[in-house]
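K.L.:
Would you mind keeping the following structure in view while I ask a few things?
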Amino acid sequence: MTVFFTLVIIDKKGRLTHVLPVSKWDFIIRAVRISSYLPGRIRLYSRKLVGNAELAGKIYAYVASYREIDKVEINIVTGSVLILYRPQALRSNAELARVEQYIMNHAERRG
């Protein structure tokens, strides 16, 4: 299930400048450091995950709920999230393809 919110941006004069759909993925991606990207393998880091099993469980449940994602590993000692997937399967889902494209363009290391 995909949950969307709407982000409304208003300038200093009170004029509407942007209306953007925002999904849970947008919140997750903005809260992590994108360490590395290879097609089929993404590594993320977040200090908020260190020692936080409850948050790790929520992120795991959300990310692993997508059938296009093969494996999710979260390490609460390091704050690491490893996501493994088959690129063609993931790209068949428009939302996940958009997330992968963002990650590819913003990763610290790309292969």
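FYI, nothing fancy with the structure tokens labels: chains A, B, ... in order, residues from 1 per chain, ligands from 1 as they appear.
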If you count only C-alpha atoms, which residues fall within 12 Å of Val99 (chain A), apart from same-chain ones fewer than 6 positions away, as a list in words?
P.N.:
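The residues that qualify are Val22, Ser23, Lys24, Trp25, Asp26, Phe27, Ile28, Ile29, Arg30, Ile34, Tyr37, Ile42, Val63, Leu90, Arg91, Asn93, Asn105, His106 and Ala107 of chain A.
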K.L.:
Write out, as a PDB file, in the first residue's frame, the residues just selected, with N, CA and C atoms.
P.N.:
```pdb
ATOM      1  N   VAL A  22       3.923  13.634  -1.549  1.00  0.00           N
ATOM      2  CA  VAL A  22       4.991  13.118  -0.695  1.00  0.00           C
ATOM      3  C   VAL A  22       4.565  11.742  -0.188  1.00  0.00           C
ATOM      4  N   SER A  23       5.426  10.752  -0.376  1.00  0.00           N
ATOM      5  CA  SER A  23       5.131   9.407   0.106  1.00  0.00           C
ATOM      6  C   SER A  23       5.999   9.100   1.316  1.00  0.00           C
ATOM      7  N   LYS A  24       5.778   7.961   1.937  1.00  0.00           N
ATOM      8  CA  LYS A  24       6.633   7.537   3.053  1.00  0.00           C
ATOM      9  C   LYS A  24       8.079   7.411   2.595  1.00  0.00           C
ATOM     10  N   TRP A  25       8.283   6.987   1.356  1.00  0.00           N
ATOM     11  CA  TRP A  25       9.639   6.890   0.814  1.00  0.00           C
ATOM     12  C   TRP A  25      10.340   8.239   0.866  1.00  0.00           C
ATOM     13  N   ASP A  26       9.609   9.310   0.535  1.00  0.00           N
ATOM     14  CA  ASP A  26      10.223  10.642   0.563  1.00  0.00           C
ATOM     15  C   ASP A  26      10.726  10.968   1.968  1.00  0.00           C
ATOM     16  N   PHE A  27       9.944  10.629   2.976  1.00  0.00           N
ATOM     17  CA  PHE A  27      10.359  10.882   4.354  1.00  0.00           C
ATOM     18  C   PHE A  27      11.570  10.026   4.739  1.00  0.00           C
ATOM     19  N   ILE A  28      11.564   8.768   4.317  1.00  0.00           N
ATOM     20  CA  ILE A  28      12.683   7.876   4.636  1.00  0.00           C
ATOM     21  C   ILE A  28      13.958   8.381   3.970  1.00  0.00           C
ATOM     22  N   ILE A  29      13.890   8.672   2.682  1.00  0.00           N
ATOM     23  CA  ILE A  29      15.080   9.083   1.934  1.00  0.00           C
ATOM     24  C   ILE A  29      15.651  10.391   2.462  1.00  0.00           C
ATOM     25  N   ARG A  30      14.812  11.297   2.880  1.00  0.00           N
ATOM     26  CA  ARG A  30      15.298  12.577   3.407  1.00  0.00           C
ATOM     27  C   ARG A  30      15.923  12.435   4.801  1.00  0.00           C
ATOM     28  N   ILE A  34      22.668   8.556   1.959  1.00  0.00           N
ATOM     29  CA  ILE A  34      22.733   7.537   0.915  1.00  0.00           C
ATOM     30  C   ILE A  34      24.209   7.229   0.681  1.00  0.00           C
ATOM     31  N   TYR A  37      25.285   3.110  -4.010  1.00  0.00           N
ATOM     32  CA  TYR A  37      24.291   2.597  -4.940  1.00  0.00           C
ATOM     33  C   TYR A  37      24.987   1.783  -6.020  1.00  0.00           C
ATOM     34  N   ILE A  42      21.513  -1.138  -2.448  1.00  0.00           N
ATOM     35  CA  ILE A  42      21.528   0.228  -1.906  1.00  0.00           C
ATOM     36  C   ILE A  42      21.897   0.150  -0.437  1.00  0.00           C
ATOM     37  N   VAL A  63       9.676  -1.200   4.088  1.00  0.00           N
ATOM     38  CA  VAL A  63      10.500  -1.471   2.904  1.00  0.00           C
ATOM     39  C   VAL A  63      10.307  -2.911   2.433  1.00  0.00           C
ATOM     40  N   LEU A  90      12.166  -4.119  -9.703  1.00  0.00           N
ATOM     41  CA  LEU A  90      11.923  -2.882  -8.964  1.00  0.00           C
ATOM     42  C   LEU A  90      11.423  -1.781  -9.893  1.00  0.00           C
ATOM     43  N   ARG A  91      12.013  -1.680 -11.068  1.00  0.00           N
ATOM     44  CA  ARG A  91      11.659  -0.608 -12.012  1.00  0.00           C
ATOM     45  C   ARG A  91      10.290  -0.790 -12.630  1.00  0.00           C
ATOM     46  N   ASN A  93       7.737  -0.977 -10.849  1.00  0.00           N
ATOM     47  CA  ASN A  93       6.909  -0.203  -9.919  1.00  0.00           C
ATOM     48  C   ASN A  93       7.332   1.263 -10.048  1.00  0.00           C
ATOM     49  N   ASN A 105      21.175   9.271  -8.144  1.00  0.00           N
ATOM     50  CA  ASN A 105      21.711  10.610  -8.364  1.00  0.00           C
ATOM     51  C   ASN A 105      22.307  11.251  -7.122  1.00  0.00           C
ATOM     52  N   HIS A 106      22.011  10.722  -5.938  1.00  0.00           N
ATOM     53  CA  HIS A 106      22.453  11.345  -4.691  1.00  0.00           C
ATOM     54  C   HIS A 106      23.369  10.482  -3.830  1.00  0.00           C
ATOM     55  N   ALA A 107      23.719   9.299  -4.311  1.00  0.00           N
ATOM     56  CA  ALA A 107      24.583   8.399  -3.530  1.00  0.00           C
ATOM     57  C   ALA A 107      26.002   8.946  -3.460  1.00  0.00           C
TER      58      ALA A 107
END
```
K.L.:
Where does DSSP see strand (DSSP E) in chain A, if you list the residues as a PyMOL selection string?
P.N.:
chain A and resi 4-10+16-23+33-38+41-45+69-75+80-85+109-110
K.L.:
Could you list, as a compact mmCIF listing (two decimals) with all heavy atoms, in the first residue's frame, every residue within 10 Å of Leu96 (chain A), counting only C-alpha atoms and ignoring same-chain residues fewer than 6 positions away?
P.N.:
```
# COMPACT_ATOMS: atom_id res chain seq x y z
N TRP A 25 8.28 6.99 1.36
CA TRP A 25 9.64 6.89 0.81
C TRP A 25 10.34 8.24 0.87
O TRP A 25 11.52 8.31 1.18
CB TRP A 25 9.62 6.37 -0.62
CG TRP A 25 9.57 4.89 -0.69
CD1 TRP A 25 8.51 4.13 -1.08
CD2 TRP A 25 10.61 3.97 -0.38
NE1 TRP A 25 8.83 2.80 -1.00
CE2 TRP A 25 10.12 2.67 -0.59
CE3 TRP A 25 11.92 4.12 0.07
CZ2 TRP A 25 10.89 1.53 -0.37
CZ3 TRP A 25 12.69 2.99 0.28
CH2 TRP A 25 12.17 1.72 0.06
N TYR A 66 7.29 -4.41 0.03
CA TYR A 66 7.25 -4.35 -1.43
C TYR A 66 7.77 -5.66 -2.01
O TYR A 66 8.89 -6.07 -1.71
CB TYR A 66 8.12 -3.19 -1.95
CG TYR A 66 7.49 -1.84 -1.74
CD1 TYR A 66 7.64 -1.17 -0.54
CD2 TYR A 66 6.74 -1.25 -2.74
CE1 TYR A 66 7.06 0.07 -0.34
CE2 TYR A 66 6.15 -0.01 -2.55
CZ TYR A 66 6.32 0.64 -1.35
OH TYR A 66 5.74 1.87 -1.16
N GLU A 68 8.82 -6.21 -4.84
CA GLU A 68 9.94 -5.95 -5.74
C GLU A 68 11.29 -5.92 -5.01
O GLU A 68 12.33 -5.94 -5.63
CB GLU A 68 9.75 -4.61 -6.48
CG GLU A 68 8.54 -4.56 -7.38
CD GLU A 68 7.26 -4.13 -6.67
OE1 GLU A 68 7.26 -3.96 -5.43
OE2 GLU A 68 6.25 -3.95 -7.36
N ILE A 69 11.24 -5.86 -3.69
CA ILE A 69 12.47 -5.83 -2.88
C ILE A 69 12.70 -7.22 -2.30
O ILE A 69 11.84 -7.80 -1.66
CB ILE A 69 12.36 -4.76 -1.78
CG1 ILE A 69 12.30 -3.38 -2.44
CG2 ILE A 69 13.53 -4.87 -0.80
CD1 ILE A 69 12.12 -2.22 -1.51
N ALA A 89 12.74 -5.87 -11.82
CA ALA A 89 11.51 -6.04 -11.04
C ALA A 89 11.16 -4.75 -10.31
O ALA A 89 10.02 -4.30 -10.33
CB ALA A 89 11.66 -7.19 -10.05
N LEU A 90 12.17 -4.12 -9.70
CA LEU A 90 11.92 -2.88 -8.96
C LEU A 90 11.42 -1.78 -9.89
O LEU A 90 10.49 -1.05 -9.57
CB LEU A 90 13.20 -2.43 -8.26
CG LEU A 90 13.03 -1.17 -7.44
CD1 LEU A 90 13.39 -1.42 -6.00
CD2 LEU A 90 13.83 -0.03 -8.01
N TYR A 102 16.32 8.71 -7.69
CA TYR A 102 16.79 9.72 -6.73
C TYR A 102 18.05 9.22 -6.02
O TYR A 102 19.04 9.95 -5.90
CB TYR A 102 15.69 10.06 -5.72
CG TYR A 102 16.14 11.09 -4.73
CD1 TYR A 102 15.99 12.44 -4.99
CD2 TYR A 102 16.77 10.72 -3.54
CE1 TYR A 102 16.43 13.41 -4.10
CE2 TYR A 102 17.22 11.67 -2.63
CZ TYR A 102 17.04 13.01 -2.92
OH TYR A 102 17.49 13.96 -2.04
```
K.L.:
Point out the residue among A:Lys48, A:Arg110, A:Tyr85, A:Arg43 with the least atom-to-atom distance to Ala97 (chain A), counting only C-alpha atoms.
P.N.:
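Nearest candidate to Ala97 (chain A) out of A:Lys48, A:Arg110, A:Tyr85, A:Arg43: A:Tyr85.
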K.L.:
Closest to Ser35 (chain A) among A:Met104, A:Val50, A:Val72, A:Val77, using only C-alpha atoms?
P.N.:
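Of A:Met104, A:Val50, A:Val72, A:Val77, the one nearest Ser35 (chain A), counting only C-alpha atoms, is A:Met104.
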K.L.:
Find the distance between CA of Arg47 (chain A) and CA of Ala94 (chain A) and write it in Å to one decimal.
P.N.:
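Between these atoms lies a distance of 28.8 Å.
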K.L.:
Would you please extract all alpha helix (DSSP H) residues from chain A, as assigned by DSSP on the backbone, and give them as a PyMOL selection string?
P.N.:
chain A and resi 24-30+53-64+87-91+94-106
